[in-house]
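Down below is the structure, laid out as structure tokens.
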Amino acid sequence: MKIVVIQGPNLNMLGVREQNIYGPMKLEDIHAQMRAFAEQNSIDIEFFQSNLEGEMVDRVQECMGDADGIIINPAAYTHTSIALRDAIAAVQIPTLEVHLSNIYQREEFRHTSLTAPVCSGQISGMGPFGYHLAMVGMTQILNEVKMMKEQQAKAQA
Ligand code: DQA
């Protein structure tokens with residue numbers, strides 16, 4: 001089982017940027033916690049951060065045939081990127097969207113997520129713990145997918 005974590009623009013500045021909104025935790029510390037959870041649950045995990053929309057689209061596409069699940073915080077591209085939405089829809093891999101802040105409590109331009117409608121679910125406003133919730137949620141989704149595939153194989157045998 002493999003999960004790819006994709007982090008969008010300015011998330012490399014966590015721990016420095018707007019601490020009143022995003023808190024003091026650095027991205028590498030969030031990733032360390034996710035890696036620990038993955039190791040405990042025998043899940044392969046890879047991390048990717050980019051400030052460039054096209055690089056994020058490329059990374060989503062590369063998940064095809066490689067990753068079982070995607071956890072993505074598209075950051076500002078959440079609200080603007082049809083390209084990223086199309087990439088997520090194209091690869092047909094269970095995807096969970098995470099936001100540290102509650103985007104629905106903030107400026108109006110953040111209330112719309114172009115990417116959430118093509119994701120399995122969204123976690124918003126739980127801070128860094130949201131990434132842990134996404135790991136738990138994705139583990140559940142992938143176990144369900146595995147069970148369904150096993151049942152289908154049995155029915156065909
Ligand atoms: C964010 C919310 C976005 O609106 C913002 O542009 C970000 C971070 C979050 O995690 O809360 O960069 O995705």
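For the structure tokens, the naming scheme is as follows: chains receive sequential letters (A, B, ...) according to their order of presentation, residues are indexed from 1 within each chain, and ligands are indexed from 1 in presentation order.
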Q.
What's around region 1-18 of chain A at 8 Å? Count only C-alpha atoms, leave out sequence neighbours fewer than 4 positions away in its own chain, and write the answer as a ChimeraX atom specification.
A. /A:22-27,42-53,56,59-60,63,66-77,142
Q | His99 (chain A) environment, 8 Å, only C-alpha atoms, sequence neighbours closer than 6 positions dropped, as a VMD selection string | A | chain A and resid 73 75 122 to 127 130
Q: Extract, using only C-alpha atoms, all DNA, RNA and protein residues at most 12 Å from His79 (chain A), discarding same-chain residues fewer than 2 positions from it, and format them as a PyMOL selection string.
A: chain A and resi 8+73-77+81-85+99+103-104+107-117
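When the distance limit is 10 Å and only C-alpha atoms are what count, the residues near Ala134 (chain A), minus those fewer than 2 positions from it on the same chain, are Met34, Ile70, Ile71, Ile72, Thr95, Leu96, Glu97, Val98, Gly121, Gln122, Ile123, Phe129, Gly130, Tyr131, His132, Val136, Gly137, Met138, Thr139 and Gln140 of chain A.
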Restricting the output to C-alpha atoms, write the selected residues as a compact mmCIF listing (two decimals), in the first residue's frame.
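Wrote it out as part_38.txt, contents follow:
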```
# COMPACT_ATOMS: atom_id res chain seq x y z
CA MET A 34 2.95 10.90 8.98
CA ILE A 70 -3.06 10.64 -2.51
CA ILE A 71 -3.19 13.13 0.34
CA ILE A 72 -3.01 16.65 -1.03
CA THR A 95 -7.57 11.41 -2.86
CA LEU A 96 -8.07 13.30 0.38
CA GLU A 97 -7.73 17.09 0.52
CA VAL A 98 -6.30 18.65 3.67
CA GLY A 121 -13.14 13.84 1.15
CA GLN A 122 -11.80 17.02 2.68
CA ILE A 123 -10.39 17.85 6.13
CA PHE A 129 -3.67 16.91 13.14
CA GLY A 130 -5.68 17.04 9.91
CA TYR A 131 -2.84 15.18 8.18
CA HIS A 132 -3.04 12.42 10.78
CA VAL A 136 -6.36 7.24 9.20
CA GLY A 137 -9.09 8.02 6.64
CA MET A 138 -6.95 6.91 3.70
CA THR A 139 -6.02 3.66 5.46
CA GLN A 140 -9.74 2.96 5.89
```
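Our summary of the geometry notes that CA of Val91 (chain A) is positioned 22.5 Å from CA of Ala38 (chain A).
CA of Ile88 (chain A) lies 6.7 Å from CA of Val118 (chain A).
Using only C-alpha atoms and all ligand atoms, the nearest neighbour of ligand 1 within the list A:Ala87, A:Val57, A:Leu100, A:Ile30 is A:Leu100.
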Q: Going by DSSP on the backbone, which bits of region 39-119 of chain A are helix (DSSP H, G or I)? Write them as a count of residues only, please.
A: 36
